[in-house]
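Trainee: One file is attached below, data05.pdb, containing PDB, C-alpha atoms.
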```
ATOM      1  CA  MET O 238       1.194 -53.304 -29.761
ATOM      2  CA  ASP O 239       3.858 -52.267 -32.268
ATOM      3  CA  LEU O 240       3.359 -48.766 -33.650
ATOM      4  CA  ARG O 241       5.161 -49.772 -36.831
ATOM      5  CA  ALA O 242       2.638 -52.537 -37.364
ATOM      6  CA  LEU O 243      -0.226 -50.082 -36.817
ATOM      7  CA  LYS O 244       1.323 -47.715 -39.347
ATOM      8  CA  THR O 245       1.607 -50.586 -41.828
ATOM      9  CA  PHE O 246      -1.991 -51.596 -41.110
ATOM     10  CA  GLU O 247      -3.202 -48.020 -41.704
ATOM     11  CA  ALA O 248      -1.408 -47.904 -45.062
ATOM     12  CA  CYS O 249      -2.890 -51.246 -46.130
ATOM     13  CA  VAL O 250      -6.405 -50.071 -45.288
ATOM     14  CA  ARG O 251      -5.970 -46.723 -47.008
ATOM     15  CA  LEU O 252      -4.391 -48.182 -50.183
ATOM     16  CA  GLY O 253      -6.395 -51.428 -50.231
ATOM     17  CA  HIS O 254      -3.300 -53.410 -51.246
ATOM     18  CA  PHE O 255      -0.345 -54.924 -49.391
ATOM     19  CA  GLN O 256       2.015 -54.324 -52.327
ATOM     20  CA  LYS O 257       1.162 -50.643 -52.582
ATOM     21  CA  ALA O 258       1.567 -50.295 -48.818
ATOM     22  CA  ALA O 259       5.002 -51.904 -49.071
ATOM     23  CA  GLU O 260       6.014 -49.471 -51.835
ATOM     24  CA  GLU O 261       4.820 -46.432 -49.867
ATOM     25  CA  LEU O 262       6.532 -47.537 -46.673
ATOM     26  CA  GLN O 263       9.605 -48.780 -48.554
ATOM     27  CA  TYR O 264       9.267 -52.248 -47.025
ATOM     28  CA  ALA O 265       9.644 -55.622 -48.661
ATOM     29  CA  PRO O 266       6.187 -57.189 -49.349
ATOM     30  CA  SER O 267       7.061 -60.013 -46.987
ATOM     31  CA  THR O 268       7.688 -57.493 -44.193
ATOM     32  CA  VAL O 269       4.213 -56.031 -44.634
ATOM     33  CA  THR O 270       2.644 -59.483 -44.615
ATOM     34  CA  LEU O 271       4.608 -60.492 -41.497
ATOM     35  CA  GLN O 272       3.650 -57.314 -39.598
ATOM     36  CA  ILE O 273      -0.049 -57.772 -40.391
ATOM     37  CA  GLN O 274       0.092 -61.438 -39.363
ATOM     38  CA  ARG O 275       1.735 -60.533 -36.052
ATOM     39  CA  LEU O 276      -0.843 -57.789 -35.427
ATOM     40  CA  GLU O 277      -3.696 -60.224 -36.099
ATOM     41  CA  ALA O 278      -2.085 -62.809 -33.808
ATOM     42  CA  ASP O 279      -1.657 -60.189 -31.081
ATOM     43  CA  LEU O 280      -5.337 -59.145 -31.313
ATOM     44  CA  GLY O 281      -6.683 -62.634 -31.975
ATOM     45  CA  VAL O 282      -8.816 -61.519 -34.941
ATOM     46  CA  SER O 283      -8.609 -61.339 -38.723
ATOM     47  CA  LEU O 284      -8.224 -57.816 -39.976
ATOM     48  CA  PHE O 285      -8.340 -58.469 -43.734
ATOM     49  CA  VAL O 286     -10.035 -60.798 -46.177
ATOM     50  CA  ARG O 287      -8.173 -61.329 -49.461
ATOM     51  CA  ASP O 288     -10.019 -60.584 -52.709
ATOM     52  CA  GLY O 289      -7.609 -61.508 -55.437
ATOM     53  CA  LYS O 290      -4.712 -59.103 -55.292
ATOM     54  CA  ARG O 291      -6.706 -56.678 -53.191
ATOM     55  CA  VAL O 292      -7.663 -57.001 -49.542
ATOM     56  CA  MET O 293     -10.913 -56.094 -47.807
ATOM     57  CA  VAL O 294     -11.086 -54.910 -44.220
ATOM     58  CA  THR O 295     -13.140 -56.910 -41.712
ATOM     59  CA  GLU O 296     -15.494 -55.272 -39.211
ATOM     60  CA  ALA O 297     -12.834 -55.538 -36.519
ATOM     61  CA  GLY O 298     -10.352 -54.072 -38.978
ATOM     62  CA  ARG O 299     -12.617 -51.097 -39.716
ATOM     63  CA  TRP O 300     -12.892 -50.300 -35.999
ATOM     64  CA  LEU O 301      -9.152 -50.681 -35.530
ATOM     65  CA  SER O 302      -8.517 -48.480 -38.544
ATOM     66  CA  HIS O 303     -10.412 -45.595 -36.954
ATOM     67  CA  GLU O 304      -8.666 -45.998 -33.602
ATOM     68  CA  ALA O 305      -5.250 -46.510 -35.195
ATOM     69  CA  SER O 306      -5.634 -43.363 -37.283
ATOM     70  CA  THR O 307      -6.379 -41.314 -34.149
ATOM     71  CA  LEU O 308      -3.502 -42.927 -32.267
ATOM     72  CA  LEU O 309      -0.983 -42.379 -35.062
ATOM     73  CA  LYS O 310      -1.993 -38.727 -35.358
ATOM     74  CA  SER O 311      -1.515 -38.368 -31.602
ATOM     75  CA  VAL O 312       1.897 -40.036 -31.788
ATOM     76  CA  GLY O 313       2.857 -37.736 -34.642
ATOM     77  CA  SER O 314       1.766 -34.724 -32.611
ATOM     78  CA  ILE O 315       3.744 -35.962 -29.614
ATOM     79  CA  ARG O 316       6.860 -36.401 -31.719
ATOM     80  CA  GLN O 317       6.495 -32.928 -33.229
ATOM     81  CA  THR O 318       5.937 -31.329 -29.829
ATOM     82  CA  VAL O 319       8.939 -33.109 -28.318
ATOM     83  CA  SER O 320      11.018 -31.965 -31.286
ATOM     84  CA  ASP O 321       9.774 -28.382 -30.863
ATOM     85  CA  ILE O 322      10.527 -28.468 -27.134
ATOM     86  CA  ALA O 323      14.050 -29.700 -27.853
ATOM     87  CA  ALA O 324      14.491 -26.778 -30.279
ATOM     88  CA  GLY O 325      13.021 -24.250 -27.830
ATOM     89  CA  ASP O 326       9.935 -23.587 -29.970
ATOM     90  CA  ASP O 327       7.459 -25.199 -27.539
ATOM     91  CA  GLY O 328       7.223 -26.087 -23.876
ATOM     92  CA  SER O 329       6.932 -23.836 -20.852
ATOM     93  CA  VAL O 330       9.093 -21.340 -19.000
ATOM     94  CA  ARG O 331       8.322 -20.389 -15.408
ATOM     95  CA  PHE O 332      10.445 -17.596 -13.971
ATOM     96  CA  ALA O 333      10.308 -14.586 -11.691
ATOM     97  CA  ALA O 334      12.146 -11.298 -11.322
ATOM     98  CA  ILE O 335      12.387  -8.530  -8.782
ATOM     99  CA  GLU O 336      11.260  -4.984  -9.399
ATOM    100  CA  PRO O 337      12.164  -2.675 -10.981
ATOM    101  CA  ILE O 338      14.207  -4.889 -13.322
ATOM    102  CA  ALA O 339      11.014  -6.798 -14.186
ATOM    103  CA  SER O 340       9.193  -3.770 -15.564
ATOM    104  CA  GLN O 341      12.129  -1.615 -16.617
ATOM    105  CA  LYS O 342      14.328  -4.155 -18.429
ATOM    106  CA  LEU O 343      12.367  -7.332 -19.161
ATOM    107  CA  ALA O 344       9.065  -6.260 -20.709
ATOM    108  CA  THR O 345      10.465  -5.702 -24.211
ATOM    109  CA  VAL O 346      12.625  -8.839 -24.057
ATOM    110  CA  ILE O 347       9.632 -11.002 -23.112
ATOM    111  CA  ALA O 348       7.462  -9.470 -25.847
ATOM    112  CA  ASP O 349      10.109 -10.057 -28.532
ATOM    113  CA  PHE O 350      10.721 -13.631 -27.329
ATOM    114  CA  TYR O 351       7.025 -14.470 -27.455
ATOM    115  CA  LYS O 352       6.672 -13.088 -30.978
ATOM    116  CA  THR O 353       9.293 -15.529 -32.272
ATOM    117  CA  ARG O 354       8.127 -18.491 -30.147
ATOM    118  CA  PRO O 355       4.363 -18.125 -29.704
ATOM    119  CA  LYS O 356       3.885 -21.792 -28.711
ATOM    120  CA  VAL O 357       6.050 -21.425 -25.606
ATOM    121  CA  GLU O 358       3.927 -21.004 -22.483
ATOM    122  CA  LEU O 359       5.495 -18.167 -20.488
ATOM    123  CA  THR O 360       4.752 -17.553 -16.825
ATOM    124  CA  MET O 361       6.474 -14.528 -15.290
ATOM    125  CA  GLU O 362       6.094 -13.580 -11.643
ATOM    126  CA  VAL O 363       7.297 -10.528  -9.765
ATOM    127  CA  GLY O 364       8.464 -10.891  -6.174
ATOM    128  CA  GLY O 365      11.196 -10.410  -3.637
ATOM    129  CA  SER O 366      14.626 -12.022  -3.848
ATOM    130  CA  LYS O 367      14.104 -14.388  -0.909
ATOM    131  CA  THR O 368      10.751 -15.608  -2.213
ATOM    132  CA  ILE O 369      12.105 -16.102  -5.723
ATOM    133  CA  ALA O 370      15.139 -18.063  -4.525
ATOM    134  CA  GLY O 371      12.931 -20.291  -2.382
ATOM    135  CA  ARG O 372      10.565 -21.029  -5.276
ATOM    136  CA  VAL O 373      13.482 -21.857  -7.568
ATOM    137  CA  ARG O 374      14.830 -24.220  -4.929
ATOM    138  CA  SER O 375      11.455 -25.966  -4.551
ATOM    139  CA  GLY O 376      11.155 -26.405  -8.332
ATOM    140  CA  GLU O 377       8.168 -24.082  -8.705
ATOM    141  CA  LEU O 378      10.244 -21.806 -10.966
ATOM    142  CA  ASP O 379      12.789 -22.706 -13.639
ATOM    143  CA  PHE O 380      14.922 -19.691 -12.812
ATOM    144  CA  GLY O 381      14.801 -16.327 -11.144
ATOM    145  CA  ILE O 382      16.350 -12.900 -11.584
ATOM    146  CA  CYS O 383      17.246 -11.510  -8.173
ATOM    147  CA  SER O 384      20.095 -10.946  -5.743
ATOM    148  CA  ALA O 385      22.492 -13.742  -4.805
ATOM    149  CA  PRO O 386      20.717 -16.463  -2.778
ATOM    150  CA  PRO O 387      21.982 -17.675   0.601
ATOM    151  CA  PRO O 388      24.512 -20.552   0.376
ATOM    152  CA  ASN O 389      22.259 -23.007   2.218
ATOM    153  CA  LEU O 390      19.847 -23.082  -0.740
ATOM    154  CA  MET O 391      22.637 -24.519  -2.922
ATOM    155  CA  LEU O 392      21.571 -22.576  -6.005
ATOM    156  CA  ALA O 393      23.729 -21.345  -8.852
ATOM    157  CA  PHE O 394      24.048 -17.570  -9.261
ATOM    158  CA  GLU O 395      25.119 -15.927 -12.516
ATOM    159  CA  PRO O 396      25.640 -12.147 -12.206
ATOM    160  CA  LEU O 397      23.867  -9.998 -14.790
ATOM    161  CA  ILE O 398      24.035  -6.379 -13.681
ATOM    162  CA  GLU O 399      25.141  -4.282 -10.743
ATOM    163  CA  GLU O 400      22.561  -1.849  -9.447
ATOM    164  CA  ARG O 401      23.285   1.271  -7.434
ATOM    165  CA  LEU O 402      20.873   3.086  -5.154
ATOM    166  CA  GLY O 403      20.196   6.779  -5.561
ATOM    167  CA  VAL O 404      17.793   9.463  -4.409
ATOM    168  CA  MET O 405      14.601  10.151  -6.347
ATOM    169  CA  LEU O 406      13.518  13.774  -6.112
ATOM    170  CA  ASN O 407      10.789  15.973  -7.409
ATOM    171  CA  VAL O 408      12.402  18.453  -9.835
ATOM    172  CA  ASN O 409      11.217  21.278  -7.586
ATOM    173  CA  HIS O 410      12.989  19.869  -4.531
ATOM    174  CA  PRO O 411      15.901  22.024  -3.231
ATOM    175  CA  LEU O 412      18.331  19.102  -3.769
ATOM    176  CA  ALA O 413      17.252  18.404  -7.365
ATOM    177  CA  ASN O 414      19.844  20.697  -8.927
ATOM    178  CA  ARG O 415      22.806  18.959  -7.278
ATOM    179  CA  ASP O 416      24.883  16.451  -9.225
ATOM    180  CA  ARG O 417      25.283  14.221  -6.150
ATOM    181  CA  ILE O 418      23.590  13.925  -2.793
ATOM    182  CA  ALA O 419      25.432  13.599   0.519
ATOM    183  CA  ALA O 420      23.948  11.256   3.101
ATOM    184  CA  SER O 421      23.807  14.152   5.559
ATOM    185  CA  ASP O 422      21.492  16.016   3.149
ATOM    186  CA  LEU O 423      18.690  13.591   4.037
ATOM    187  CA  ALA O 424      18.535  14.647   7.682
ATOM    188  CA  GLY O 425      15.077  15.827   8.621
ATOM    189  CA  LEU O 426      13.474  14.719   5.320
ATOM    190  CA  THR O 427      10.666  12.244   4.695
ATOM    191  CA  VAL O 428      12.188   9.308   2.822
ATOM    192  CA  LEU O 429      10.082   6.714   1.004
ATOM    193  CA  VAL O 430      11.505   3.194   1.197
ATOM    194  CA  LYS O 431      10.337  -0.279   0.219
ATOM    195  CA  GLU O 432       9.078  -2.888   2.688
ATOM    196  CA  PRO O 433      11.590  -4.553   5.100
ATOM    197  CA  THR O 434      11.759  -7.772   3.050
ATOM    198  CA  CYS O 435      12.867  -5.885  -0.077
ATOM    199  CA  ILE O 436      16.534  -6.437  -0.927
ATOM    200  CA  TYR O 437      16.938  -2.735  -1.770
ATOM    201  CA  ARG O 438      15.592  -1.788   1.662
ATOM    202  CA  GLU O 439      18.098  -4.163   3.259
ATOM    203  CA  LEU O 440      20.922  -2.678   1.197
ATOM    204  CA  TRP O 441      19.901   0.844   2.161
ATOM    205  CA  GLU O 442      19.707   0.072   5.853
ATOM    206  CA  THR O 443      23.015  -1.779   6.007
ATOM    207  CA  THR O 444      24.721   1.034   4.087
ATOM    208  CA  PHE O 445      23.180   4.127   5.606
ATOM    209  CA  CYS O 446      21.930   3.187   9.054
ATOM    210  CA  PRO O 447      23.495  -0.112  10.242
ATOM    211  CA  THR O 448      22.725   0.859  13.856
ATOM    212  CA  ALA O 449      18.987   1.128  13.007
ATOM    213  CA  GLN O 450      19.059   4.818  13.922
ATOM    214  CA  ASN O 451      18.399   7.256  11.108
ATOM    215  CA  PRO O 452      18.081  11.044  11.038
ATOM    216  CA  PHE O 453      15.022  11.106   8.786
ATOM    217  CA  THR O 454      11.416   9.975   8.782
ATOM    218  CA  SER O 455      10.922   6.840   6.663
ATOM    219  CA  VAL O 456       7.636   5.799   5.087
ATOM    220  CA  GLU O 457       7.235   2.243   3.768
ATOM    221  CA  VAL O 458       5.659   1.861   0.322
ATOM    222  CA  GLY O 459       5.340  -1.549  -1.324
ATOM    223  CA  SER O 460       5.489  -0.445  -4.972
ATOM    224  CA  PHE O 461       8.107   1.467  -6.944
ATOM    225  CA  PHE O 462       5.316   2.850  -9.123
ATOM    226  CA  VAL O 463       3.483   4.212  -6.082
ATOM    227  CA  ILE O 464       6.761   5.637  -4.759
ATOM    228  CA  GLN O 465       7.242   7.356  -8.100
ATOM    229  CA  GLN O 466       3.752   8.876  -7.959
ATOM    230  CA  MET O 467       4.202  10.046  -4.369
ATOM    231  CA  VAL O 468       7.468  11.817  -5.178
ATOM    232  CA  LYS O 469       5.720  13.416  -8.178
ATOM    233  CA  ALA O 470       3.136  14.682  -5.717
ATOM    234  CA  ALA O 471       6.006  16.235  -3.702
ATOM    235  CA  PHE O 472       5.512  13.858  -0.780
ATOM    236  CA  GLY O 473       9.079  13.260   0.343
ATOM    237  CA  ILE O 474      12.003  11.772  -1.523
ATOM    238  CA  ALA O 475      12.766   8.118  -2.252
ATOM    239  CA  ILE O 476      15.619   5.622  -2.201
ATOM    240  CA  VAL O 477      15.487   3.658  -5.454
ATOM    241  CA  PRO O 478      17.789   1.868  -7.924
ATOM    242  CA  ILE O 479      19.231   4.278 -10.470
ATOM    243  CA  TYR O 480      17.173   3.683 -13.617
ATOM    244  CA  SER O 481      16.763   6.535 -16.061
ATOM    245  CA  SER O 482      13.402   5.023 -17.008
ATOM    246  CA  LEU O 483      12.154   5.600 -13.448
ATOM    247  CA  GLU O 484      12.725   9.299 -13.913
ATOM    248  CA  SER O 485       9.843  11.269 -15.338
ATOM    249  CA  GLU O 486      10.916  14.032 -17.693
ATOM    250  CA  GLY O 487       9.951  17.344 -16.232
ATOM    251  CA  SER O 488       8.826  15.783 -12.929
ATOM    252  CA  LEU O 489      11.448  13.529 -11.347
ATOM    253  CA  VAL O 490      15.200  13.044 -11.224
ATOM    254  CA  ILE O 491      17.396  10.404  -9.585
ATOM    255  CA  LYS O 492      20.723  11.532  -8.150
ATOM    256  CA  PRO O 493      23.634   9.322  -7.032
ATOM    257  CA  PHE O 494      25.170   9.590  -3.583
ATOM    258  CA  MET O 495      28.308  11.596  -3.015
ATOM    259  CA  ASP O 496      29.697   9.699  -0.029
ATOM    260  CA  LEU O 497      28.014   6.286  -0.211
ATOM    261  CA  ASN O 498      28.175   3.501  -2.750
ATOM    262  CA  PRO O 499      25.201   1.206  -2.095
ATOM    263  CA  THR O 500      25.469  -1.404  -4.861
ATOM    264  CA  LEU O 501      23.795  -4.759  -5.381
ATOM    265  CA  GLY O 502      24.498  -7.591  -7.814
ATOM    266  CA  ILE O 503      21.469  -8.955  -9.676
ATOM    267  CA  GLY O 504      21.607 -12.137 -11.693
ATOM    268  CA  PHE O 505      20.138 -15.487 -12.700
ATOM    269  CA  VAL O 506      19.352 -18.002  -9.975
ATOM    270  CA  TYR O 507      18.776 -21.654 -10.902
ATOM    271  CA  LYS O 508      19.372 -25.164  -9.611
ATOM    272  CA  ASP O 509      21.112 -26.847 -12.527
ATOM    273  CA  LYS O 510      21.429 -25.434 -16.038
ATOM    274  CA  ASN O 511      21.626 -28.985 -17.442
ATOM    275  CA  VAL O 512      17.985 -29.663 -16.544
ATOM    276  CA  LEU O 513      16.602 -26.373 -17.879
ATOM    277  CA  GLY O 514      14.517 -26.602 -21.041
ATOM    278  CA  LYS O 515      15.777 -25.166 -24.298
ATOM    279  CA  ALA O 516      13.177 -22.391 -24.214
ATOM    280  CA  SER O 517      14.375 -21.339 -20.754
ATOM    281  CA  LEU O 518      17.973 -21.252 -21.956
ATOM    282  CA  LEU O 519      17.048 -19.202 -25.020
ATOM    283  CA  LEU O 520      15.084 -16.719 -22.913
ATOM    284  CA  MET O 521      18.018 -16.413 -20.521
ATOM    285  CA  ASP O 522      20.278 -15.715 -23.517
ATOM    286  CA  ALA O 523      17.906 -12.976 -24.686
ATOM    287  CA  ILE O 524      17.824 -11.398 -21.202
ATOM    288  CA  ARG O 525      21.615 -11.691 -20.948
ATOM    289  CA  ASP O 526      22.052  -9.911 -24.296
ATOM    290  CA  SER O 527      19.622  -7.157 -23.331
ATOM    291  CA  THR O 528      21.415  -6.401 -20.061
ATOM    292  CA  ALA O 529      24.961  -6.575 -21.478
ATOM    293  CA  GLY O 530      26.806  -3.415 -20.583
ATOM    294  CA  SER O 531      24.208  -2.326 -18.029
TER     295      SER O 531
END
```
Mind turning this structure into structure tokens?

Mentor:
Amino acid sequence: MDLRALKTFEACVRLGHFQKAAEELQYAPSTVTLQIQRLEADLGVSLFVRDGKRVMVTEAGRWLSHEASTLLKSVGSIRQTVSDIAAGDDGSVRFAAIEPIASQKLATVIADFYKTRPKVELTMEVGGSKTIAGRVRSGELDFGICSAPPPNLMLAFEPLIEERLGVMLNVNHPLANRDRIAASDLAGLTVLVKEPTCIYRELWETTFCPTAQNPFTSVEVGSFFVIQQMVKAAFGIAIVPIYSSLESEGSLVIKPFMDLNPTLGIGFVYKDKNVLGKASLLLMDAIRDSTAGS
């Protein structure tokens, strides 16, 4: 069934006249007549009865008019939505990011993006680098923000920022007044670290204790927020990425290392930028702009 013919039919019913329908649609009168004839032949029924220059709708025509009106509105909505998706004003974006970049750098970006594109359905997850890369590879996520994925996943990696690990200390800790911390200063201390699957934990272990022997007592904590609260409570020190926002004025400080340089590249991970939706690309641009110079 030709949508153009249905649109012509709807105009004829609404205006009650083939000529007026032709003028509104900017068709020749013969085109309107031909489209209606073809529609009637396709359905095997008469849709109009002529009454002089006007036309009257048959019972079958009245039913079709109702259905056609609903269908044309649906088609119009589909066209508008597709147009909005192409412009990045509609659609969906599924992505994930590791902590603490998710909470410390992305919250404001996501809020601002949603204010300008409220019809875009955003789904943001927080997880580890390996999990994120695997979900991007499987197609469950459009893109991720994490460390570089292993080559066997065949994913693209676009660097965003370079993060450096430091030592989080309670301001009352004896080391808190130092500008930098030597690795040897940690001997005998209780050090809070993330779980073994965390990329920051891996970086710390490969940098500080590659032989799996360390001179301090480590306690695993699965949340940077909980780590922050534990250091506030003067329970040990912590190994965390250096974010000023993780420091708590008057309570916590983060100091860089003097003799180590544990750094990690964080960036976008995706399969193919050519298949990403416009909304995803625009959000990536916003995140890229917000992290420029970090």

Trainee: Of the residues O:Ile338, O:Ala424, O:Val312, O:Ala348, which is the one nearest to Leu483 of chain O, using only C-alpha atoms?

Mentor: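 Selected residue with least distance to Leu483 of chain O: O:Ile338.
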
Trainee: How many Å separate atom CA of Leu402 of chain O from atom CA of Ile369 of chain O?

Mentor: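 It comes out at 21.1 Å.
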
Trainee: Would you tabulate, counting only C-alpha atoms, all residues of segment 323-348 of chain O that have an atom at most 8 Å from an atom of segment 509-531 of chain O, showing the closest pair of atoms and their distance in Å to one decimal, sorted by chain then ascending number, as a tab-separated table?

Mentor:
```
residue	atom	partner	partner_atom	distance
O:Ala323	CA	O:Lys515	CA	6.0
O:Ala324	CA	O:Lys515	CA	6.3
O:Gly325	CA	O:Ala516	CA	4.1
O:Asp326	CA	O:Ala516	CA	6.7
O:Asp327	CA	O:Ala516	CA	7.2
O:Gly328	CA	O:Ala516	CA	7.0
O:Ser329	CA	O:Ala516	CA	7.2
O:Val330	CA	O:Ser517	CA	5.6
O:Lys342	CA	O:Thr528	CA	7.6
O:Leu343	CA	O:Ile524	CA	7.1
O:Val346	CA	O:Ile524	CA	6.5
O:Ile347	CA	O:Leu520	CA	7.9
```

Trainee: Considering all atoms listed in the file, can you say which of O:Thr245, O:Asn407, O:Ser455, O:Gln465 comes closest to Ser488 of chain O?

Mentor: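 When distances to Ser488 of chain O are compared using all atoms listed in the file, the smallest one comes from O:Asn407.
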
Trainee: Kindly assemble as a tab-separated table a list of the segment 310-388 of chain O residues that lie within 12 Å of segment 468-480 of chain O, each paired with its nearest atom pair and their distance in Å to one decimal, using all atoms listed in the file, sorted first by chain and then by ascending residue number.

Mentor:
```
residue	atom	partner	partner_atom	distance
O:Ile335	CA	O:Pro478	CA	11.7
O:Glu336	CA	O:Pro478	CA	9.6
O:Pro337	CA	O:Pro478	CA	7.9
O:Ile338	CA	O:Tyr480	CA	9.1
O:Ser340	CA	O:Tyr480	CA	11.1
O:Gln341	CA	O:Tyr480	CA	7.9
O:Lys342	CA	O:Tyr480	CA	9.6
```
